[in-house]
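Undergrad: Data: protein.cif, mmCIF, C-alpha atoms.
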data_query
#
loop_
_atom_site.label_atom_id
_atom_site.label_comp_id
_atom_site.auth_asym_id
_atom_site.auth_seq_id
_atom_site.Cartn_x
_atom_site.Cartn_y
_atom_site.Cartn_z
CA MET A 1 15.10 30.57 101.85
CA LEU A 2 16.11 30.14 98.23
CA ASP A 3 12.71 28.56 97.63
CA VAL A 4 11.10 31.58 99.22
CA LYS A 5 13.14 33.76 96.90
CA ALA A 6 11.78 31.77 93.97
CA GLY A 7 8.25 32.61 95.10
CA ASP A 8 7.40 29.47 97.04
CA GLU A 9 5.03 30.73 99.75
CA ALA A 10 4.85 27.30 101.38
CA SER A 11 8.58 27.50 102.09
CA PHE A 12 8.06 30.79 103.91
CA GLU A 13 5.45 29.07 106.07
CA LEU A 14 8.00 26.33 106.86
CA LEU A 15 10.53 28.95 107.96
CA LEU A 16 7.86 30.60 110.08
CA ARG A 17 6.96 27.32 111.82
CA LYS A 18 10.60 26.42 112.42
CA TYR A 19 11.88 29.75 113.72
CA ARG A 20 8.83 31.37 115.29
CA SER A 21 9.43 29.98 118.79
CA PRO A 22 13.24 30.41 118.96
CA LEU A 23 12.89 33.95 117.67
CA VAL A 24 10.14 34.95 120.09
CA ASN A 25 12.06 33.45 123.01
CA PHE A 26 15.31 35.16 122.04
CA LEU A 27 13.56 38.51 121.74
CA TYR A 28 11.59 37.99 124.95
CA ARG A 29 14.80 37.30 126.84
CA MET A 30 16.32 40.43 125.29
CA VAL A 31 13.48 42.88 125.93
CA ARG A 32 11.63 41.11 128.76
CA ASP A 33 8.19 42.11 127.44
CA ARG A 34 6.20 39.38 125.77
CA ALA A 35 3.94 41.53 123.59
CA HIS A 36 6.84 43.63 122.41
CA ALA A 37 8.92 40.50 121.75
CA GLU A 38 6.18 39.12 119.50
CA ASP A 39 5.88 42.44 117.72
CA LEU A 40 9.63 42.46 117.08
CA ALA A 41 9.55 38.82 115.93
CA GLN A 42 6.84 39.67 113.40
CA GLU A 43 8.95 42.58 112.22
CA VAL A 44 11.87 40.18 111.68
CA PHE A 45 9.74 37.85 109.54
CA LEU A 46 8.32 40.83 107.67
CA ARG A 47 11.83 42.05 106.82
CA VAL A 48 12.83 38.54 105.76
CA TYR A 49 9.78 38.45 103.48
CA ARG A 50 10.49 41.91 102.03
CA ALA A 51 14.13 41.06 101.31
CA ARG A 52 13.43 37.63 99.82
CA GLN A 53 14.18 38.72 96.22
CA GLU A 54 17.58 40.13 97.18
CA TYR A 55 18.56 37.22 99.46
CA ALA A 56 21.97 35.77 98.66
CA PRO A 57 23.21 32.69 100.53
CA SER A 58 26.51 34.28 101.52
CA ALA A 59 25.78 33.41 105.14
CA LYS A 60 23.54 30.91 106.90
CA PHE A 61 19.90 31.90 107.07
CA THR A 62 19.94 31.75 110.89
CA THR A 63 22.89 34.13 111.01
CA TRP A 64 21.06 36.59 108.78
CA MET A 65 17.78 36.25 110.66
CA PHE A 66 19.33 36.63 114.10
CA ARG A 67 21.32 39.64 112.96
CA ILE A 68 18.05 41.34 112.02
CA ALA A 69 16.52 40.26 115.34
CA THR A 70 19.52 41.41 117.39
CA ASN A 71 19.63 44.80 115.71
CA LEU A 72 15.92 45.32 116.31
CA ALA A 73 16.25 44.24 119.94
CA LEU A 74 19.30 46.41 120.59
CA ASN A 75 17.59 49.41 119.01
CA SER A 76 14.50 48.77 121.06
CA VAL A 77 16.43 48.47 124.32
CA ARG A 78 18.47 51.58 123.61
CA ASP A 79 15.55 53.68 122.45
CA ASN A 80 13.45 52.60 125.41
CA ARG A 81 10.48 52.49 123.13
CA HIS A 82 8.59 50.22 125.43
CA ARG A 83 8.13 50.32 129.17
CA GLN A 84 10.77 48.24 130.97
CA MET A 85 8.31 46.62 133.25
CA GLU A 86 9.14 44.02 135.76
CA ILE A 87 7.17 40.98 134.86
CA SER A 88 6.09 39.24 137.96
CA MET A 89 5.22 35.70 137.23
CA ASP A 90 2.40 35.67 139.74
CA GLN A 91 0.99 39.12 139.15
CA PRO A 92 -1.88 39.39 136.71
CA VAL A 93 -2.36 42.50 134.56
CA GLU A 94 -5.09 45.07 135.19
CA SER A 95 -8.44 43.64 136.00
CA GLY A 96 -10.74 43.37 133.05
CA GLU A 97 -8.37 41.30 130.92
CA GLU A 98 -9.45 37.76 130.40
CA ASN A 99 -6.05 36.09 130.50
CA PRO A 100 -3.44 37.46 132.85
CA ARG A 101 -0.12 37.94 131.18
CA VAL A 102 1.74 35.39 133.21
CA MET A 103 4.78 33.53 132.02
CA GLU A 104 3.88 30.17 130.70
CA VAL A 105 5.95 27.59 132.49
CA PRO A 106 5.79 24.02 131.32
CA ASP A 107 4.11 21.92 133.93
CA ARG A 108 7.07 19.72 134.83
CA ALA A 109 6.44 19.65 138.59
CA PRO A 110 3.03 18.52 139.80
CA ASN A 111 3.94 19.70 143.29
CA VAL A 112 2.77 23.29 143.86
CA GLU A 113 5.74 24.15 146.05
CA GLN A 114 8.21 22.85 143.50
CA ASP A 115 6.39 24.82 140.85
CA LEU A 116 6.74 28.01 142.89
CA VAL A 117 10.45 27.31 143.41
CA ALA A 118 10.90 26.75 139.68
CA ARG A 119 9.12 30.01 138.86
CA SER A 120 11.19 31.92 141.39
CA ARG A 121 14.39 30.45 139.96
CA ALA A 122 13.35 31.37 136.43
CA GLU A 123 12.58 34.92 137.55
CA GLN A 124 16.06 35.25 139.12
CA ILE A 125 17.71 33.99 135.94
CA MET A 126 15.70 36.38 133.76
CA LYS A 127 16.60 39.25 136.04
CA ALA A 128 20.30 38.38 135.95
CA ILE A 129 20.30 38.06 132.14
CA HIS A 130 18.46 41.32 131.78
CA ALA A 131 20.98 43.07 134.04
CA LEU A 132 23.77 42.32 131.55
CA PRO A 133 24.82 45.04 129.08
CA GLU A 134 22.78 44.47 125.92
CA LYS A 135 25.62 43.19 123.76
CA GLN A 136 26.74 40.70 126.44
CA ARG A 137 23.10 39.70 126.85
CA ALA A 138 22.72 39.03 123.12
CA ALA A 139 26.00 37.06 123.09
CA VAL A 140 24.88 34.83 125.97
CA LEU A 141 21.42 34.22 124.52
CA LEU A 142 22.80 33.34 121.09
CA HIS A 143 25.52 31.14 122.57
CA LYS A 144 23.44 29.36 125.19
CA TYR A 145 20.00 29.06 123.66
CA GLN A 146 20.48 29.22 119.90
CA GLU A 147 23.68 27.17 119.83
CA LEU A 148 25.21 29.23 117.06
CA ASP A 149 28.95 28.73 116.64
CA TYR A 150 31.40 31.53 117.50
CA GLY A 151 31.79 32.64 113.89
CA GLU A 152 28.04 32.98 113.40
CA ILE A 153 27.54 34.87 116.66
CA ALA A 154 30.44 37.16 115.78
CA ARG A 155 28.78 37.92 112.42
CA VAL A 156 25.44 38.59 114.11
CA LEU A 157 27.05 40.96 116.62
CA GLN A 158 29.40 42.38 113.99
CA CYS A 159 32.54 41.81 116.02
CA SER A 160 35.60 39.57 115.82
CA GLU A 161 35.61 36.07 117.31
CA SER A 162 38.16 37.08 119.93
CA ALA A 163 35.97 40.06 120.91
CA LEU A 164 33.00 37.72 121.14
CA LYS A 165 34.84 35.27 123.42
CA SER A 166 35.81 38.20 125.64
CA LEU A 167 32.14 39.31 125.72
CA LEU A 168 31.03 35.81 126.69
CA PHE A 169 33.68 35.47 129.40
CA ARG A 170 32.72 38.78 131.00
CA ALA A 171 29.02 37.93 130.77
CA TYR A 172 29.43 34.55 132.45
CA GLU A 173 31.69 36.11 135.11
CA THR A 174 28.84 38.49 135.95
CA LEU A 175 26.23 35.75 135.86
CA ARG A 176 28.23 33.47 138.17
CA ALA A 177 28.20 36.28 140.75
CA ASP A 178 24.51 37.18 140.26
CA LEU A 179 23.35 33.59 140.19
CA ALA A 180 25.57 32.43 143.06
CA PRO A 181 22.51 31.42 145.14
CA LEU A 182 21.50 29.06 142.37
CA VAL A 183 24.93 27.50 142.06
CA SER A 184 25.36 24.08 143.70
CA PRO A 185 26.26 24.27 147.42
CA THR A 186 29.42 22.29 146.84
CA VAL A 187 30.70 24.76 144.31
CA ARG A 188 29.71 27.67 146.54
CA MET A 189 31.72 26.18 149.36
CA GLN A 190 34.73 25.73 147.12
CA ARG A 191 34.50 29.41 146.10
CA VAL A 192 34.49 30.44 149.76
CA GLN A 193 37.53 28.27 150.44
CA VAL A 194 39.42 29.71 147.48
CA GLU A 195 38.69 33.26 148.61
CA ARG A 196 40.03 32.37 152.03
CA GLY A 197 43.19 31.06 150.45
CA GLU A 198 42.36 27.52 151.38
CA GLN A 199 42.65 24.56 149.09
CA PRO A 200 39.15 23.40 148.18
CA ALA A 201 38.36 19.74 148.56
CA MET B 1 50.33 29.18 125.05
CA PHE B 2 50.90 27.62 128.45
CA GLY B 3 54.68 27.54 128.57
CA LYS B 4 56.81 28.14 131.58
CA GLU B 5 55.28 31.56 132.29
CA SER B 6 54.08 32.66 135.68
CA SER B 7 50.90 31.24 137.15
CA GLU B 8 49.04 34.54 136.69
CA LYS B 9 49.85 34.57 133.00
CA ASN B 10 48.60 31.00 132.74
CA CYS B 11 45.34 31.97 134.47
CA SER B 12 44.92 34.79 131.96
CA ALA B 13 45.65 32.39 129.10
CA VAL B 14 43.07 29.93 130.44
CA GLU B 15 40.44 32.66 130.63
CA SER B 16 40.77 33.27 126.91
CA VAL B 17 39.96 29.63 126.06
CA LEU B 18 37.81 28.60 129.03
CA ILE B 19 34.51 29.09 127.18
CA GLU B 20 35.71 27.00 124.23
CA TYR B 21 37.01 24.35 126.63
CA LEU B 22 33.70 24.10 128.46
CA ASP B 23 31.89 24.06 125.11
CA GLY B 24 34.02 21.13 124.01
CA ARG B 25 35.30 23.18 121.07
CA ALA B 26 38.88 23.78 122.16
CA GLU B 27 41.78 22.53 120.04
CA PRO B 28 43.35 19.36 121.48
CA ALA B 29 46.55 21.15 122.49
CA ASP B 30 44.58 23.90 124.27
CA ARG B 31 42.30 21.37 125.92
CA HIS B 32 45.23 19.44 127.34
CA ALA B 33 46.89 22.64 128.56
CA VAL B 34 43.69 23.86 130.26
CA GLU B 35 43.21 20.52 131.98
CA GLU B 36 46.77 20.55 133.29
CA HIS B 37 46.31 24.11 134.57
CA LEU B 38 42.99 23.33 136.25
CA LYS B 39 44.62 20.47 138.16
CA ALA B 40 47.09 22.95 139.62
CA CYS B 41 45.01 26.13 140.02
CA ALA B 42 42.11 26.00 142.51
CA SER B 43 40.78 29.42 141.55
CA CYS B 44 40.46 28.58 137.84
CA ARG B 45 39.10 25.15 138.69
CA VAL B 46 36.33 26.61 140.84
CA ARG B 47 35.62 29.23 138.19
CA ALA B 48 35.17 26.49 135.59
CA GLU B 49 32.79 24.66 137.92
CA GLU B 50 30.82 27.85 138.51
CA PHE B 51 30.51 28.45 134.81
CA ARG B 52 29.20 24.92 134.33
CA SER B 53 26.75 25.49 137.16
CA VAL B 54 25.53 28.76 135.60
CA TRP B 55 25.01 27.02 132.27
CA GLY B 56 22.97 24.38 134.05
CA ALA B 57 20.86 27.09 135.69
CA LEU B 58 20.31 28.81 132.34
CA ASP B 59 19.00 25.49 131.01
CA ASP B 60 16.22 25.74 133.59
CA LEU B 61 14.85 28.90 132.04
CA PRO B 62 11.53 27.89 130.53
CA GLU B 63 10.49 28.82 127.02
CA ILE B 64 7.46 30.91 126.30
CA ILE B 65 4.93 29.82 123.73
CA PRO B 66 4.10 32.36 121.01
CA SER B 67 0.51 33.50 121.16
CA PRO B 68 -2.03 31.68 118.95
CA SER B 69 -2.64 34.89 116.98
CA PHE B 70 1.02 35.35 116.04
CA ASP B 71 0.79 33.86 112.54
CA ALA B 72 -2.45 35.63 111.72
CA ALA B 73 -1.03 38.98 112.80
CA LEU B 74 2.07 38.43 110.69
CA HIS B 75 0.04 37.47 107.62
CA ALA B 76 -2.06 40.59 108.06
CA ARG B 77 1.09 42.72 108.10
CA ILE B 78 2.41 40.98 104.99
CA ALA B 79 -0.92 41.48 103.20
CA ALA B 80 -0.81 45.18 104.04
CA GLU B 81 2.60 45.56 102.38
CA PRO B 82 2.52 47.61 99.16
CA ALA B 83 3.31 45.60 96.03
CA PRO B 84 6.94 46.05 94.98
CA ARG B 85 7.16 48.65 92.16
CA ARG B 86 9.67 48.27 89.39
CA PHE B 87 10.19 50.79 86.66
CA TRP B 88 8.91 48.41 84.03
CA SER B 89 5.88 47.37 86.04
CA PHE B 90 3.53 49.22 83.67
CA LEU B 91 4.48 46.81 80.87
CA PRO B 92 2.46 43.63 80.62
CA SER B 93 5.25 41.16 79.86
CA PRO B 94 9.00 40.63 80.34
CA ARG B 95 9.57 40.63 76.57
CA LEU B 96 8.01 44.03 76.22
CA ALA B 97 10.05 45.23 79.17
CA PHE B 98 13.24 44.00 77.50
CA ALA B 99 12.27 45.58 74.18
CA PHE B 100 11.47 48.86 75.90
CA THR B 101 14.76 48.87 77.76
CA ALA B 102 16.68 48.09 74.58
CA LEU B 103 14.88 50.90 72.76
CA VAL B 104 15.76 53.40 75.48
CA VAL B 105 19.41 52.33 75.48
CA LEU B 106 19.68 52.55 71.69
CA SER B 107 18.01 55.97 71.64
CA VAL B 108 20.45 57.32 74.17
CA TRP B 109 23.36 55.83 72.24
CA PHE B 110 22.30 57.20 68.90
CA SER B 111 21.56 60.67 70.22
CA SER B 112 25.06 60.92 71.61
CA GLY B 113 26.48 59.38 68.42
CA PRO B 114 29.90 60.00 66.85
CA ARG B 115 30.69 63.70 66.45
CA VAL B 116 33.18 63.24 63.57
CA MET B 117 30.41 63.31 60.92
CA HIS B 118 29.06 66.73 61.91
CA PRO B 119 31.86 68.68 63.51
CA LYS B 120 30.41 72.08 62.59
CA VAL B 121 26.96 71.31 64.01
CA ALA B 122 28.22 69.71 67.19
CA GLN B 123 30.54 72.34 68.53
CA GLN B 124 29.02 75.66 67.58
CA ASP B 125 29.47 77.27 70.98
CA GLN B 126 33.08 76.44 71.34
CA PRO B 127 35.99 78.07 69.58
CA VAL B 128 36.90 76.08 66.53
CA VAL B 129 40.49 75.15 66.33
CA GLU B 130 41.28 74.87 62.65
CA ALA B 131 43.51 72.07 61.65
CA PRO B 132 46.14 72.80 59.02
CA GLY B 133 44.51 72.84 55.58
CA ASP B 134 41.07 73.71 56.86
CA SER B 135 41.15 77.11 55.17
CA ASP B 136 41.85 75.33 51.89
CA PHE B 137 38.59 73.51 52.22
CA GLY B 138 36.72 76.57 53.30
CA MET B 139 36.48 77.87 49.83
CA ILE B 140 35.30 74.55 48.51
CA ARG B 141 32.60 74.46 51.16
CA ASP B 142 31.34 77.93 50.33
CA LEU B 143 30.44 77.09 46.74
CA SER B 144 27.63 79.61 46.69
CA VAL B 145 30.25 82.31 47.18
CA LEU B 146 32.36 80.99 44.33
CA GLU B 147 29.39 81.01 42.04
CA ASN B 148 28.88 84.74 42.65
CA TYR B 149 31.16 86.34 40.03
CA ASP B 150 30.94 89.78 41.58
CA VAL B 151 32.51 88.43 44.71
CA VAL B 152 35.01 86.26 42.95
CA SER B 153 36.14 89.03 40.63
CA LYS B 154 37.34 91.00 43.61
CA PHE B 155 39.99 88.36 44.39
CA ASP B 156 43.40 89.64 43.25
CA ALA B 157 44.57 86.25 42.11
CA LEU B 158 41.80 86.07 39.59
CA SER B 159 42.99 89.24 37.85
CA GLU B 160 45.63 87.10 36.09
CA LEU B 161 42.99 84.96 34.50
CA PRO B 162 41.98 85.84 30.97
CA GLY B 163 38.70 87.57 31.28
CA PRO B 164 36.31 89.05 28.76
CA ALA B 165 37.76 91.62 26.24
CA THR B 166 40.15 94.00 27.96
CA ALA B 167 41.87 97.29 26.70
CA PRO B 168 45.69 97.10 26.23
CA ALA B 169 47.58 98.27 29.23
CA LYS B 170 48.82 101.83 29.08
CA GLU B 171 52.52 102.49 29.13
CA GLY B 172 53.79 103.29 32.56
CA THR B 173 51.11 101.59 34.45
CA VAL B 174 52.18 98.82 36.78
CA GLU B 175 50.35 95.63 36.84
CA THR B 176 49.27 94.81 40.27
CA ARG B 177 49.05 91.36 41.57
#
Output the structure of this file as structure tokens.
TA:
Amino acid sequence: MLDVKAGDEASFELLLRKYRSPLVNFLYRMVRDRAHAEDLAQEVFLRVYRARQEYAPSAKFTTWMFRIATNLALNSVRDNRHRQMEISMDQPVESGEENPRVMEVPDRAPNVEQDLVARSRAEQIMKAIHALPEKQRAAVLLHKYQELDYGEIARVLQCSESALKSLLFRAYETLRADLAPLVSPTVRMQRVQVERGEQPA
Amino acid sequence: MFGKESSEKNCSAVESVLIEYLDGRAEPADRHAVEEHLKACASCRVRAEEFRSVWGALDDLPEIIPSPSFDAALHARIAAEPAPRRFWSFLPSPRLAFAFTALVVLSVWFSSGPRVMHPKVAQQDQPVVEAPGDSDFGMIRDLSVLENYDVVSKFDALSELPGPATAPAKEGTVETR
């Protein structure tokens, strides 16, 4: 980023290549609308470009960039500036469009049935994440997918580390309930036993 | 942290460090204490397993691929940005900009220069507080007045000065000072 500040355009292109995908994915998981996520991601890069002369390395570049992204996403969610549409993985958009706006899932499973199961699972996870309050959602996405440390996430979310850990705990508590069907059967059985007051195996 | 308090307190204490423990980022003392508690508490043990299971499920969430037009759209937005304007942007070179800035600063400094040299000009609208001895200098300043003999001759003090030929004083008259 310091090279970008010095006017090196090639360095900006490097940043774009490195962070384009993580940024788009983070924003997509926040707003659950692909086109809007890309629009927000471009806005993040635009703001990074505009602020390049004033950039000071007081924090890591990723912390700074994700703070911009999180603020834009939180504002977007709260303002409801885009339609909160349910994206069905199998439902194409209105007829007339060449490419239906389906979620691109890497082709890990050649078996059609397994592929459908994988898509259904992904849809459940997205739904559960999106049901979280926006700040918990941002905390989980930054913790799980961006692998920022607690201090960095706390700076992005502008809260203390202890507040962040509390956010994460509450978020994962909610997710373990919402994603119970996806949890391993053994663990599900143990939960049932605990709730009955029995000692799980 | 995990002393001899009640089991409920220990569960609460574990909750505060469970995420760090599962992340592998807990301090050694906390890690040991959590492990000891999980051996004894089925509820916390199952919760820890559920959290691990959720994290595994989250790993299954596929990534989306940014559209091929992403970069082009971004570059178009950057190209449409107005050029940054700076107040010296009309000057062709940094040296001229520096010289211009220095000139402005010096002009401002000189125009608000020291007031001691021209006290009368500077503070005309404000009541002048005369320092002791100012009246003594007033006469010296107003030299044009001193040069006008008609005016000067009216000063009583000057009547003691020998003037041009004068008639002897009549008896009984009192000299005035």
Undergrad: Identify which of the residues B:Arg31, B:Arg77, B:Arg25, B:Arg52 lies closest to Ala13 of chain B, counting only C-alpha atoms when measuring atom-to-atom distances.
TA: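 So, comparing all the options, the nearest one is B:Arg31.
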Undergrad: Using the chain letters and numbers from this file, what does the PyMOL selection byres ((chain B) within 10 of (chain A)) select? Give the answer as an MDAnalysis selection string.
TA: chainID B and resid 15:20 23 25 41:67 70:71 73:75 77:78 81 84
Undergrad: If you measure from atom CA of Leu142 of chain A to atom CA of Gln114 of chain A, what distance in Å do you get, rounded to one decimal?
TA: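 Taking atom CA of Leu142 of chain A as the start and atom CA of Gln114 of chain A as the end point, the length is 28.7 Å.
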Undergrad: For the PyMOL selection byres ((chain A and resi 74) around 10), applied here, can you spell out every residue it catches as a PDB file with C-alpha atoms, in the coordinates of the input?
TA:
ATOM      1  CA  LEU A  27      13.560  38.510 121.740  1.00  0.00           C
ATOM      2  CA  MET A  30      16.320  40.430 125.290  1.00  0.00           C
ATOM      3  CA  VAL A  31      13.480  42.880 125.930  1.00  0.00           C
ATOM      4  CA  ALA A  69      16.520  40.260 115.340  1.00  0.00           C
ATOM      5  CA  THR A  70      19.520  41.410 117.390  1.00  0.00           C
ATOM      6  CA  ASN A  71      19.630  44.800 115.710  1.00  0.00           C
ATOM      7  CA  LEU A  72      15.920  45.320 116.310  1.00  0.00           C
ATOM      8  CA  ALA A  73      16.250  44.240 119.940  1.00  0.00           C
ATOM      9  CA  ASN A  75      17.590  49.410 119.010  1.00  0.00           C
ATOM     10  CA  SER A  76      14.500  48.770 121.060  1.00  0.00           C
ATOM     11  CA  VAL A  77      16.430  48.470 124.320  1.00  0.00           C
ATOM     12  CA  ARG A  78      18.470  51.580 123.610  1.00  0.00           C
ATOM     13  CA  ASP A  79      15.550  53.680 122.450  1.00  0.00           C
ATOM     14  CA  ASN A  80      13.450  52.600 125.410  1.00  0.00           C
ATOM     15  CA  GLU A 134      22.780  44.470 125.920  1.00  0.00           C
ATOM     16  CA  LYS A 135      25.620  43.190 123.760  1.00  0.00           C
ATOM     17  CA  ARG A 137      23.100  39.700 126.850  1.00  0.00           C
ATOM     18  CA  ALA A 138      22.720  39.030 123.120  1.00  0.00           C
TER      19      ALA A 138
END
Undergrad: Atom CA of Pro133 of chain A and atom CA of Phe61 of chain A are how many Å apart?
TA: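 Atom-to-atom, atom CA of Pro133 of chain A to atom CA of Phe61 of chain A, that is 26.1 Å.
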Undergrad: Give me, please, the distance in Å between atom CA of Cys159 of chain A and atom CA of Ala171 of chain A, quoted to one decimal.
TA: 15.7 Å
